[in-house]
Structures are given as structure tokens and as C-alpha cells.
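**Q** Following this message is one structure expressed as C-alpha cells.
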Amino acid sequence: MSAVMKHRLFWPLVVLLALILLNTVSRPSFVRITVHDGRLYGSLIDILRNSAPLMLVALGMTLVIATRGIDLSVGAIMAVSGAVALTIIQDSGDPANPAVLAVAIGTAVGAGLVCGLWNGFLISVLGIQPIIATLVLMLAGRGIALLITGGFITTINSDPYKFMAQGYVLGLPFAFYVSLVAIAIVALIERRTALGMLTEAVGINPEASRLAGVRARGIIWGAYAASGLLAGFAGILYSSNIMAADANAAGLYIELDAILAVVLGGTSLAGGTFSIAGTVVGAFTIQTLKSTITFLGVPPAVTPVFMAAVVVVVVLVQSRRFRRFMGRLPARLRTWTSRTPDGAEAAS
Amino acid sequence: MENALPLVQVTGATVRFQSDTALDDVDFRMFAGEVHSLMGENGAGKSTLIKALTGALPLDAGVITLDGRTVQFATPHDAQLAGISTVYQEIDLLPNLTVAENIALGREPRGRLGSIDWPAMRRLAREALADLGLDIDPASVLATHPLAVQQLVAIARAISTDVKVLVLDEPTSSLDFDEVAELFRVIRELKSRGVAILFVSHFLDQVYEICDRITVLRNGRLVGEYLTTELLRIDLVQKMLGRSAAALAARPRLDGYEDPDPSVTLSARGVTVLPGIADADLDLVEGEVLGVAGLLGSGRSELARALTGVDRLEAGIIRIDGQATRLSSPRRALSVGVVYSSENRRTEGLIGELSVLENITLALQAQRGILRRIRSARQRELAASWVEALDIRPPDIDRPVGTLSGGNQQKVLLARLLALSPRVIVLDEPTRGIDVGAKVEIQNLVGELADTGLSVVFISAELEEVLRVGTRVAILQNGRVVDVLPSDGLTTDSLLALVARPEEDES
Ligand SMILES: Nc1ncnc2c1ncn2[C@@H]1O[C@H](COP(=O)(O)OP(=O)(O)OP(=O)(O)O)[C@@H](O)[C@H]1O
Ligand SMILES: [Mg+2]
């Protein structure tokens, strides 16, 4: 039992299951899954579908955080990517043409990659602190997106494009497959090559890694590039969901959700050892939390407060120190109460 | 004194880390006005006992009394308030703050409005440093100073308060003789004021010079407590190691490689990296161990870093096998077989949270590149063979390297570099903090490596060791190699005279 509890995924999974349980108790229909025309429907399926953009962004964030960094620009990169894709599709006049879509998506994701490379350049070559370096694009990115769309919310009508966020394959949402593929590719690259271990080394001790001949600069640069690329894909999914490029709303605050997902998954913000599986669980947890909020009918005005409260509880539950503190609390209270009568207990 | 009550008494101290017991039912005591030494091999549990005594680690069992009262410290700060000042083996200062801030941290002098009184703080810091004979600017940032100075700052911090008990865990590991002398002067003064001092060191000479009483630990258990005057060195070593000291004989170097025309592996000409070294020349012959001796500040580490691509050369040229080679980065140097082991193994050597296995394979993997991952089975085999070859204890390759004792961490770092099959290895203080047994092992290992044709640069503040290991000794002064002599003709004293000799052409 204790071996199970020590597993690094134990507490993240407990939190996720507890959230699902809470929802089920308050409304049993939460776990109900129905089949229509061979497609699955239900709240859980919605979570799988809606979590896809967050999942992609959180995967990239995991790599960045592992190098001791942070990427605040992911939401803005999503806005840029959506704007690029939809502008190309709209300008083409042939929104259903697969070739047009391929060019649009390729260019949009490429734009995300370029944004990531820019961040990586500022951080690994110029040595600017990650939080400042990515703040630049966080602020400028939405402006760039607005420039691309000419200041409007670009909307399109393209069934194949819509399919990415809203379509179904083999009964499950297509977006969920996108998540799966991204998870698999990231996990494979990190753990089948030496990248994961070298990234952890750089995150824990950059100077020692450099002296051991690790290309610390390249690895850090690569992490931001990957984060930008994944945010680019997330931007496509987001714009496909609403069939519009909204420079102000796309990916708003997603950087915070992504950071939270990474932390919930047990990866330390101090960098170093990271867990892809943990991030996956963390992203599902955040998404479940969001649907819980809608579910419980929390008024929109107090949603942030509710969210914050839940996050505090969740993070505390996962904190080893807090658990130890709580575990010792009864004993402490006992010694306290036994001490109070005659002041401090004198040694014999 | 025997009748006096001990100032500190630890009974039945037990500390466990998960499944293994680092400290097992140990009794320990300290008297006021006495210098006490805790001795034991690497991993014997000295630091663990110190941490448990000073609130840095919780005791799983056992009682601590201070002045006859039972105490329980939740943090080192609590211990400090009770009069126990500690300098931990892993210096826990804040490198980004100034020297003065580090000394005063947590007890800054306050002005009338509760704001920090900066001039008073700097004055206090200056006094504390002057006590140790150290003249540095208290307003300078700590990280800009070499390790030895940082160590002295940590000691200054510990003695700048009213102490009843002063605990020093390997305080002299990076100090030179002069600094050690200053420290000993301070220790004697504190002792005369009735302070109880715990002094841990792997230098037997220092222990015998300053300590009144010795407690020996082995494998986390108490071996015994002895008066220094009643314990012969040879017996001490025997008690620490649990085997006879005869096994520690230095291994003689093979002769026979006295090649009439030995080939120069690495030659440096006019190497300059200001302010550390200026215009240094050096030739390193195949299969030799070149000892480097010099005072603190003579540029020992700077020379090592310049030779291995860690710091960029401002001037000068390095030839490998006669070929001018630009060592623009450690990576480049590693690729031509020139490797460096930093004196600062915690910040520039090991990746603390990664396992022994990952630490050993790190450099090799980095050389192969990201895509050519070493197969897991091969990694384990490789790591296990090095753990065995260097007798790294405990022999558990999956343990985070940060939980190993100091000496074993050093061996892991060596294993990482040796796994690259280098041609030139530059070792900066490789035996720092290493117990007597492991020290001889490492010295012997260096000799064996040289016998296989590896060229070794061996830097140490301990002249005796430089002489023992080195076939030749380079003498460093003010960032320049002023002389290279065969070690046969030298004694520790004559070498000391050489390194300390004032330069004629300088005031
Ligand atoms: N955080 C930790 N987790 C697990 N094991 C630990 C931890 N810290 C120390 N140990 C183990 O406890 C034992 C005692 O270590 P300790 O640091 O006290 O040795 P030491 O006598 O101070 O050695 P050295 O001379 O090398 O400093 C070692 O076997 C070490 O591996
Ligand atoms: Mg120790």
C-alpha cells in the first residue's frame, strides 16, 4: 500500500478521482455516457474533448518548466496561430479545400514555432529571465494577432476545419486523438532519446551540466520552441472550436491553467525532474474542475474565487510537508495541552 | 573535568532515511571549554549526527540535552537561539547576497524605525571577518569569492553571535594553512571562553592539533569516545575503518615508462584569463601526474578552468598532441579528451536530484548526443561497473546522488569523467572532504590511471598530497607557473617555501 502511495502519480490521481466523485455525487448524470449515431456523449467525453488545447499547452509548459523556465506567452501564441490560419482560409475563398487547410495549418503552426524560437533566443542566447522574455510576446502576441486579422474577429465556414475540434472518429472526439498523439510523441521523444534526462540535468544544475558537456543552451532553446509549436496547434484547435479567430479571447489565461496543470502533476516549478503522465492527469484535473464550476452553477462572478479555493486545497493535499504536518498534528496538540497547566515542561 | 556535567548530551540518537539507518543508537557528549572531534569514514554518519543535533534533521529516536535540559529543535534557527551555532558541511549561504548580509542574515541590526541599519551591519561583518584575519569588502557579493572565502564567511557568521556550542562540519576542507591557523586561533580563544566546539575534519593532523576528545563513528554506530592524548593515530584509523591501517599503503608508481622522449600530450603557452592567471606555460607529458601547488589566490582553479575550456582564454594557446586546439567550451574540451573535475562538486559537478546512474552516464550521453541514447541495460552495466571499480557506497545506482556522503559523491564525479576514457584529466581538489581510506584509494587510482597513459593534473591545497601523487610539481604564483620541479627532490617544507616565496619583481 505504501509503495502505491509513494508513487508520484498517486496524489494527482486521487485529486482527479475525488473531483469526479464530487461531481457524480452532486449530479449522478455526470458519469453517464450515452451513444448517438455511434458517437459517445457525456460530461466525461466533453472533458476529453475540451481539454485538448490545454493538454497541448501544458505538455510544452512541462518541458519549459523542467529547464527552470516558464512560458507566459502560450495564450498569445494561440491567438497568433488562430489568426494566421483563419486569415489564410478566409482569403483563399475556398475554405473547404484540403490544400488550403494544409497550408493554413502549416503556416499557423509554423508561426507558433517561430514565436517559440524567439522566446528561446531571448532566454538561451541573450540570457533574459524567462518570465520577462516571454512576457514580451504575451503582451505583443495579441497585438500581432489583431494586426493579422485587421482588427476584426475573423470567422470562417469550413467543415473540414470545424472537424478538428468538433468532429468524431471511432466514437470519440477527434480533438482527443490530437491530445493522445501529442502526449505519445512528447513522451517518446523525451524518454526514448536522452532528451528527458539531459533536460532534467540542465534544469537542476545548468552549470554542472555545461561542464559535463551538455548542450544546455540548445536544450533550453528547444524546450521553448516545442512550447511554441504545441501552442500553435492548440490555437488551431481553439479557433476550430469557435470557428473564429478572436485575438483577445483565444487562449486567455491558459498559461495559468497550464502552469497549474504541470504543478498538479507533480513537476516542481524549481525545474528538474518532470512527469509527462503527471501533466496529463493535471490537465484533466483542471478541465474537470472547470466543468465542475459550470456544473455546480457557480455564478461567473465568483468563479475565480472558487477556482482559487479549490486549487489551494488541491495543492495542499499534494504537499508532502503539509501532509506530514497534518499527520503530526494530533501528537502536537496532545503535547501542547499537557504542557499548558504548568507552563513549559521542565526536563527531568 | 571528568566530573563536570556535559554541556551537550545526546543519548540513543537514531536517524533513518526510508529503509536505511544512517545513525543507530548513538551516544555523544560535549563539555564546555573543550574541542571535540567526530571521526569516521565517508558516510559514517557524522553530518547526520550534526544535523540531528542542530535541528536540521528530525531524530527518529533519542534525546538531546543542553545544559541539563531536554531540548528539541525544529529548525537550525531554534538551535541557534539556544546558543548552538553551526557551519554545515554543505555551506548554506546565499550566493546572491553580499558578504555582510550573509553574516547578519536573520539577526540584522535594526535602526530606530525597525529598518536595517546598513552601516552597523557592515561594521559587524567587518569585525567578524577581521576576527578570522580576512580582509574583504563586506559589501561585495558572496558568489564573487572563491570557495575558501565563502567557507570563512560561513564560519564568521557562526561565531558572530553569542555561542555556547560551535559546530563546524569540515570547516577546513578548502582552506590553506594560513587560514587554518587563523581559524585555530579563533577556536582556541572560544575554547578559553568556555565554548564547546565540535570540529569535524578528515585531516588527522588538524584533529590532533586542536582536539581534546574524539568520538568515532562507523556505519552509523558509535565505536567509542577517547581522549586525543590517549589515542594513537594508527588506532584511530583502525577504529574508523574497522580494518587495519596497513591496507592503506600508498601504492608505488610503476617505473618503466621513463620514456627517453616522452610525448607531450597537452602544452599551454601564455595562457591568460584575467584576473586569475596571466601568461601561464605548462607542458603535460603522457602518463604523468603533474601536481600543482600554490597558495590560495595563486590561480590554481583558474588554471584548471583555462586548460579545460571552462573559461575562455583571453590570450595564449593550447596544443594537444602538438596541434593548436581551441577549447571554446567544456563540450569541445571533452570531445578531444580533456576533462575537468571542479573543486566545487555540489554546484559545478553533480546533479543532486538525479541518480548515481544518471550522474555517471551524463557526460558520456552528452557526448553521444540526444538521439543516440545509451540503452538502459548498457547504462546500468556501465554505472554498476564504475560503482564497483571505485567502491562507491552504498552500491545503489538508483539513489539520488545528493544523498550520498561527500566522499562517495566525489567518486561518482570521477566515474563520470573516467567513463569518457579521457586523455587528460584535470582534478581540482579531488580528495577534498574525503576520508583517510578513500583518499589513499583515490590517490592510488590516479597513479593507476597515469600508468595506463592518462595525463593527470592534480591540484590540491595539501602539499603533502601533491608531492605524494605528482611525478612533477608545478609551482603557481600570482597566476603564473614559476617553476616545474620533479617531486622526488622536494619535501613538504621545501615546497611550502617555494609556493610562499615572495616574488622578487613585485613589491
Ligand atoms: N537525505 C538523505 N537520504 C538518504 N540517505 C542519506 C541522506 N543523507 C545522508 N544519507 C546517508 O546517511 C549516511 C551518513 O551520511 P553522512 O552525510 O552523515 O556521512 P558523513 O559521516 O558526514 O560522511 P562524509 O565524511 O562523507 O561527510 C550515508 O550512508 C548517506 O548515504
Ligand atoms: Mg559529512
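Identifiers in this document derive from the order of the C-alpha cells: chains are assigned A, B, ..., residues are numbered from 1 separately in each chain, and ligands are numbered from 1 in order of occurrence.
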Write out as number ranges by chain each polymer residue whose atoms come within 9 Å of Pro330 in chain B, counting only C-alpha atoms; drop sequence neighbours fewer than 4 positions from it.
**A** A: 210-214; B: 308-311, 334-335, 338-340
**Q** Would you export the selected residues with all heavy atoms as a compact mmCIF listing (two decimals), in the first residue's frame, please?
**A**
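Okay, this is what ended up in out_9.txt:
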# COMPACT_ATOMS: atom_id res chain seq x y z
N ARG A 210 26.67 22.05 -18.07
CA ARG A 210 27.56 22.62 -19.09
C ARG A 210 28.94 22.01 -18.95
O ARG A 210 29.56 21.60 -19.94
CB ARG A 210 27.64 24.14 -18.91
CG ARG A 210 28.44 24.85 -19.99
CD ARG A 210 28.45 26.35 -19.78
NE ARG A 210 29.45 26.79 -18.82
CZ ARG A 210 30.69 27.17 -19.15
NH1 ARG A 210 31.07 27.18 -20.40
NH2 ARG A 210 31.54 27.55 -18.21
N LEU A 211 29.43 21.90 -17.74
CA LEU A 211 30.76 21.34 -17.53
C LEU A 211 30.82 19.87 -17.92
O LEU A 211 31.88 19.34 -18.24
CB LEU A 211 31.21 21.50 -16.07
CG LEU A 211 31.43 22.92 -15.58
CD1 LEU A 211 32.22 22.94 -14.30
CD2 LEU A 211 32.14 23.77 -16.62
N ALA A 212 29.66 19.20 -17.88
CA ALA A 212 29.65 17.79 -18.29
C ALA A 212 29.46 17.66 -19.79
O ALA A 212 29.29 16.56 -20.31
CB ALA A 212 28.53 17.05 -17.55
N GLY A 213 29.46 18.79 -20.48
CA GLY A 213 29.39 18.74 -21.94
C GLY A 213 27.98 18.70 -22.50
O GLY A 213 27.79 18.43 -23.68
N VAL A 214 27.00 18.97 -21.66
CA VAL A 214 25.62 19.00 -22.16
C VAL A 214 25.41 20.33 -22.89
O VAL A 214 25.86 21.37 -22.44
CB VAL A 214 24.62 18.89 -20.98
CG1 VAL A 214 23.19 18.93 -21.50
CG2 VAL A 214 24.88 17.63 -20.19
N THR B 308 40.76 23.57 -19.58
CA THR B 308 39.72 22.62 -19.94
C THR B 308 38.51 23.26 -20.61
O THR B 308 37.43 22.67 -20.66
CB THR B 308 39.24 21.88 -18.67
OG1 THR B 308 38.89 22.87 -17.69
CG2 THR B 308 40.32 20.99 -18.11
N GLY B 309 38.71 24.48 -21.09
CA GLY B 309 37.63 25.09 -21.88
C GLY B 309 36.49 25.65 -21.06
O GLY B 309 35.48 26.08 -21.62
N VAL B 310 36.63 25.65 -19.75
CA VAL B 310 35.52 26.15 -18.93
C VAL B 310 35.48 27.67 -19.00
O VAL B 310 34.42 28.27 -19.17
CB VAL B 310 35.68 25.69 -17.46
CG1 VAL B 310 34.57 26.26 -16.61
CG2 VAL B 310 35.67 24.17 -17.41
N ASP B 311 36.64 28.30 -18.89
CA ASP B 311 36.72 29.74 -19.07
C ASP B 311 37.43 30.01 -20.40
O ASP B 311 38.39 29.33 -20.76
CB ASP B 311 37.51 30.39 -17.93
CG ASP B 311 36.76 30.29 -16.61
OD1 ASP B 311 35.53 30.14 -16.66
OD2 ASP B 311 37.41 30.34 -15.55
N LEU B 334 35.94 18.20 -23.83
CA LEU B 334 35.62 16.79 -23.58
C LEU B 334 35.77 15.97 -24.85
O LEU B 334 36.23 14.84 -24.84
CB LEU B 334 34.18 16.67 -23.06
CG LEU B 334 33.90 17.20 -21.65
CD1 LEU B 334 32.42 17.28 -21.39
CD2 LEU B 334 34.57 16.34 -20.62
N SER B 335 35.40 16.59 -25.97
CA SER B 335 35.44 15.83 -27.21
C SER B 335 36.87 15.54 -27.65
O SER B 335 37.09 14.59 -28.41
CB SER B 335 34.67 16.57 -28.31
OG SER B 335 35.40 17.71 -28.70
N VAL B 338 39.87 16.09 -22.98
CA VAL B 338 40.38 16.87 -21.86
C VAL B 338 39.23 17.11 -20.90
O VAL B 338 38.25 17.77 -21.25
CB VAL B 338 40.94 18.23 -22.35
CG1 VAL B 338 41.41 19.07 -21.18
CG2 VAL B 338 42.07 18.00 -23.34
N VAL B 339 39.31 16.54 -19.71
CA VAL B 339 38.18 16.64 -18.79
C VAL B 339 38.58 17.33 -17.49
O VAL B 339 39.74 17.32 -17.10
CB VAL B 339 37.55 15.26 -18.49
CG1 VAL B 339 37.22 14.54 -19.76
CG2 VAL B 339 38.47 14.42 -17.62
N TYR B 340 37.58 17.90 -16.84
CA TYR B 340 37.82 18.73 -15.66
C TYR B 340 36.88 18.32 -14.53
O TYR B 340 35.69 18.16 -14.73
CB TYR B 340 37.58 20.18 -16.04
CG TYR B 340 37.47 21.16 -14.89
CD1 TYR B 340 38.52 21.35 -14.01
CD2 TYR B 340 36.32 21.92 -14.72
CE1 TYR B 340 38.42 22.27 -12.97
CE2 TYR B 340 36.21 22.84 -13.69
CZ TYR B 340 37.26 23.01 -12.81
OH TYR B 340 37.16 23.91 -11.80
**Q** Determine which residues of chain A sit within 8 Å of chain B, taking into account only C-alpha atoms, and present them as a PyMOL selection string.
**A** chain A and resi 192-195+197-198+201+204-205+207-215+272-273+346-348
**Q** Select, from A:Leu296, A:Val280, A:Ile220, A:Leu252, the residue with the minimum atom-to-atom distance to Glu200 in chain A, counting only C-alpha atoms.
**A**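 Among A:Leu296, A:Val280, A:Ile220, A:Leu252, it is A:Ile220 that comes nearest to Glu200 in chain A.
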**Q** Can you pull out every residue with an atom within 9 Å of ligand 1? Use only C-alpha atoms and all ligand atoms and format it as number ranges by chain.
**A** B: 15-23, 38-51, 89, 169-170, 200-202, 217-220, 393-394, 399-409, 433-435
**Q** Report as a VMD selection string: the residues of range 20-175 of chain B with a DSSP assignment of alpha helix (DSSP H), based on the backbone of this structure.
**A** chain B and resid 46 to 53 76 to 81 99 to 104 118 to 131 147 to 159
**Q** Can you pull out the residues contacting Leu7 in chain B? Cut-off 9 Å, using only C-alpha atoms, and skip same-chain residues under 5 positions away; I want them as a list in words.
**A**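 So, after excluding close chain neighbours, the residues are Arg29, Met30, Phe31, Ala32, Thr65, Leu66, Asp67, Gly68, Lys164, Val165 and Ala196 of chain B.
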**Q** CA of Ile91 in chain B to CA of Arg468 in chain B: how many Å, to one decimal?
**A** 29.3 Å
**Q** So how many Å separate CA of Asp27 in chain B and CA of Gly12 in chain B, to one decimal?
**A** 5.4 Å
**Q** What's the separation between CA of Gly282 in chain A and CA of Gly266 in chain A, in Å to one decimal place?
**A**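 One can read the CA of Gly282 in chain A to CA of Gly266 in chain A distance as 8.5 Å.
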**Q** If you count only C-alpha atoms, which residues fall within 8 Å of Thr491 in chain B, apart from same-chain ones fewer than 2 positions away, as a ChimeraX atom specification?
**A** /B:464,467,489,493-495
**Q** With only C-alpha atoms as the counted atoms, please give the residues lying no more than 10 Å from Pro486 in chain B, apart from itself and same-chain residues fewer than 6 positions off, as an MDAnalysis selection string.
**A** chainID B and resid 290:291 467 470:474
**Q** Output N, CA, C and O atoms for every residue in that selection, as a PDB file, in the first residue's frame.
**A**
ATOM      1  N   LEU B 290      50.954  15.555 -12.922  1.00  0.00           N
ATOM      2  CA  LEU B 290      51.581  16.838 -12.643  1.00  0.00           C
ATOM      3  C   LEU B 290      50.851  17.472 -11.475  1.00  0.00           C
ATOM      4  O   LEU B 290      49.683  17.840 -11.584  1.00  0.00           O
ATOM      5  N   GLY B 291      51.520  17.553 -10.338  1.00  0.00           N
ATOM      6  CA  GLY B 291      50.914  18.211  -9.192  1.00  0.00           C
ATOM      7  C   GLY B 291      50.964  19.710  -9.377  1.00  0.00           C
ATOM      8  O   GLY B 291      51.897  20.229  -9.992  1.00  0.00           O
ATOM      9  N   LEU B 467      52.824  16.214  -3.420  1.00  0.00           N
ATOM     10  CA  LEU B 467      54.130  15.564  -3.550  1.00  0.00           C
ATOM     11  C   LEU B 467      53.984  14.061  -3.715  1.00  0.00           C
ATOM     12  O   LEU B 467      54.698  13.429  -4.481  1.00  0.00           O
ATOM     13  N   GLY B 470      52.098  13.530  -7.323  1.00  0.00           N
ATOM     14  CA  GLY B 470      52.674  14.097  -8.527  1.00  0.00           C
ATOM     15  C   GLY B 470      54.047  13.534  -8.848  1.00  0.00           C
ATOM     16  O   GLY B 470      54.843  13.283  -7.948  1.00  0.00           O
ATOM     17  N   THR B 471      54.322  13.321 -10.136  1.00  0.00           N
ATOM     18  CA  THR B 471      55.682  12.984 -10.521  1.00  0.00           C
ATOM     19  C   THR B 471      56.493  14.268 -10.624  1.00  0.00           C
ATOM     20  O   THR B 471      57.662  14.306 -10.287  1.00  0.00           O
ATOM     21  N   ARG B 472      55.822  15.308 -11.108  1.00  0.00           N
ATOM     22  CA  ARG B 472      56.445  16.635 -11.102  1.00  0.00           C
ATOM     23  C   ARG B 472      55.468  17.587 -10.427  1.00  0.00           C
ATOM     24  O   ARG B 472      54.272  17.303 -10.353  1.00  0.00           O
ATOM     25  N   VAL B 473      55.992  18.699  -9.969  1.00  0.00           N
ATOM     26  CA  VAL B 473      55.124  19.671  -9.317  1.00  0.00           C
ATOM     27  C   VAL B 473      55.295  21.026  -9.982  1.00  0.00           C
ATOM     28  O   VAL B 473      56.418  21.516 -10.135  1.00  0.00           O
ATOM     29  N   ALA B 474      54.185  21.605 -10.406  1.00  0.00           N
ATOM     30  CA  ALA B 474      54.221  22.956 -10.956  1.00  0.00           C
ATOM     31  C   ALA B 474      53.904  23.922  -9.833  1.00  0.00           C
ATOM     32  O   ALA B 474      52.956  23.711  -9.080  1.00  0.00           O
TER      33      ALA B 474
END
**Q** May I have the residues within 6 Å of range 151-165 of chain A as a list in words, using only C-alpha atoms and disregarding those fewer than 6 positions away in the same chain?
**A**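 With the cut-off at 6 Å, the set is Pro95, Ala96, Phe174, Ala175, Leu237, Ser240, Asn241, Met243, Ala244, Ala245 and Asp246 of chain A.
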**Q** Compile the contact shell of Thr149 in chain A as a PyMOL selection string: residues with an atom at most 12 Å away, counting only C-alpha atoms, same-chain residues fewer than 3 positions apart removed.
**A** chain A and resi 79-91+142-146+152-155+244-248
**Q** Please return as a ChimeraX atom specification: the residues of range 165-319 of chain A that backbone DSSP assigns to strand (DSSP E or B).
**A** /A:168-169,172-173,244-245
**Q** Could you turn the residues from that selection into a file that holds all heavy atoms, as an mmCIF file, in the first residue's frame?
**A**
data_model
loop_
_atom_site.group_PDB
_atom_site.id
_atom_site.type_symbol
_atom_site.label_atom_id
_atom_site.label_comp_id
_atom_site.auth_asym_id
_atom_site.auth_seq_id
_atom_site.Cartn_x
_atom_site.Cartn_y
_atom_site.Cartn_z
ATOM 1 N N TYR A 168 -15.798 13.661 -34.852
ATOM 2 C CA TYR A 168 -15.664 12.391 -34.154
ATOM 3 C C TYR A 168 -14.978 11.357 -35.025
ATOM 4 O O TYR A 168 -15.199 11.318 -36.230
ATOM 5 C CB TYR A 168 -17.049 11.851 -33.772
ATOM 6 C CG TYR A 168 -17.545 12.365 -32.445
ATOM 7 C CD1 TYR A 168 -18.127 13.623 -32.356
ATOM 8 C CD2 TYR A 168 -17.440 11.585 -31.302
ATOM 9 C CE1 TYR A 168 -18.593 14.102 -31.148
ATOM 10 C CE2 TYR A 168 -17.902 12.061 -30.078
ATOM 11 C CZ TYR A 168 -18.479 13.311 -30.008
ATOM 12 O OH TYR A 168 -18.926 13.773 -28.810
ATOM 13 N N VAL A 169 -14.160 10.526 -34.420
ATOM 14 C CA VAL A 169 -13.571 9.391 -35.118
ATOM 15 C C VAL A 169 -13.739 8.179 -34.220
ATOM 16 O O VAL A 169 -13.397 8.246 -33.023
ATOM 17 C CB VAL A 169 -12.071 9.621 -35.406
ATOM 18 C CG1 VAL A 169 -11.453 8.347 -35.975
ATOM 19 C CG2 VAL A 169 -11.873 10.774 -36.358
ATOM 20 N N LEU A 172 -15.126 8.655 -30.694
ATOM 21 C CA LEU A 172 -14.529 9.608 -29.743
ATOM 22 C C LEU A 172 -14.179 10.909 -30.470
ATOM 23 O O LEU A 172 -13.923 10.909 -31.671
ATOM 24 C CB LEU A 172 -13.272 8.998 -29.123
ATOM 25 C CG LEU A 172 -13.524 7.912 -28.071
ATOM 26 C CD1 LEU A 172 -12.225 7.228 -27.701
ATOM 27 C CD2 LEU A 172 -14.200 8.501 -26.838
ATOM 28 N N PRO A 173 -14.140 12.018 -29.718
ATOM 29 C CA PRO A 173 -13.840 13.308 -30.364
ATOM 30 C C PRO A 173 -12.449 13.300 -31.008
ATOM 31 O O PRO A 173 -11.499 12.775 -30.424
ATOM 32 C CB PRO A 173 -13.882 14.311 -29.206
ATOM 33 C CG PRO A 173 -14.554 13.621 -28.086
ATOM 34 C CD PRO A 173 -14.383 12.161 -28.279
ATOM 35 N N ALA A 244 -13.678 30.841 -35.252
ATOM 36 C CA ALA A 244 -13.371 32.263 -35.333
ATOM 37 C C ALA A 244 -11.990 32.499 -34.740
ATOM 38 O O ALA A 244 -11.525 31.714 -33.916
ATOM 39 C CB ALA A 244 -14.412 33.079 -34.567
ATOM 40 N N ALA A 245 -11.332 33.558 -35.219
ATOM 41 C CA ALA A 245 -10.053 33.944 -34.625
ATOM 42 C C ALA A 245 -10.302 35.181 -33.789
ATOM 43 O O ALA A 245 -10.483 36.266 -34.315
ATOM 44 C CB ALA A 245 -9.021 34.221 -35.723
#
**Q** Pick the closest to Ala128 in chain B from B:Ala324, B:Gly33, B:Ser192, B:Ala154: which is it, counting only C-alpha atoms?
**A**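 Distance minimum relative to Ala128 in chain B lands on B:Ala154.
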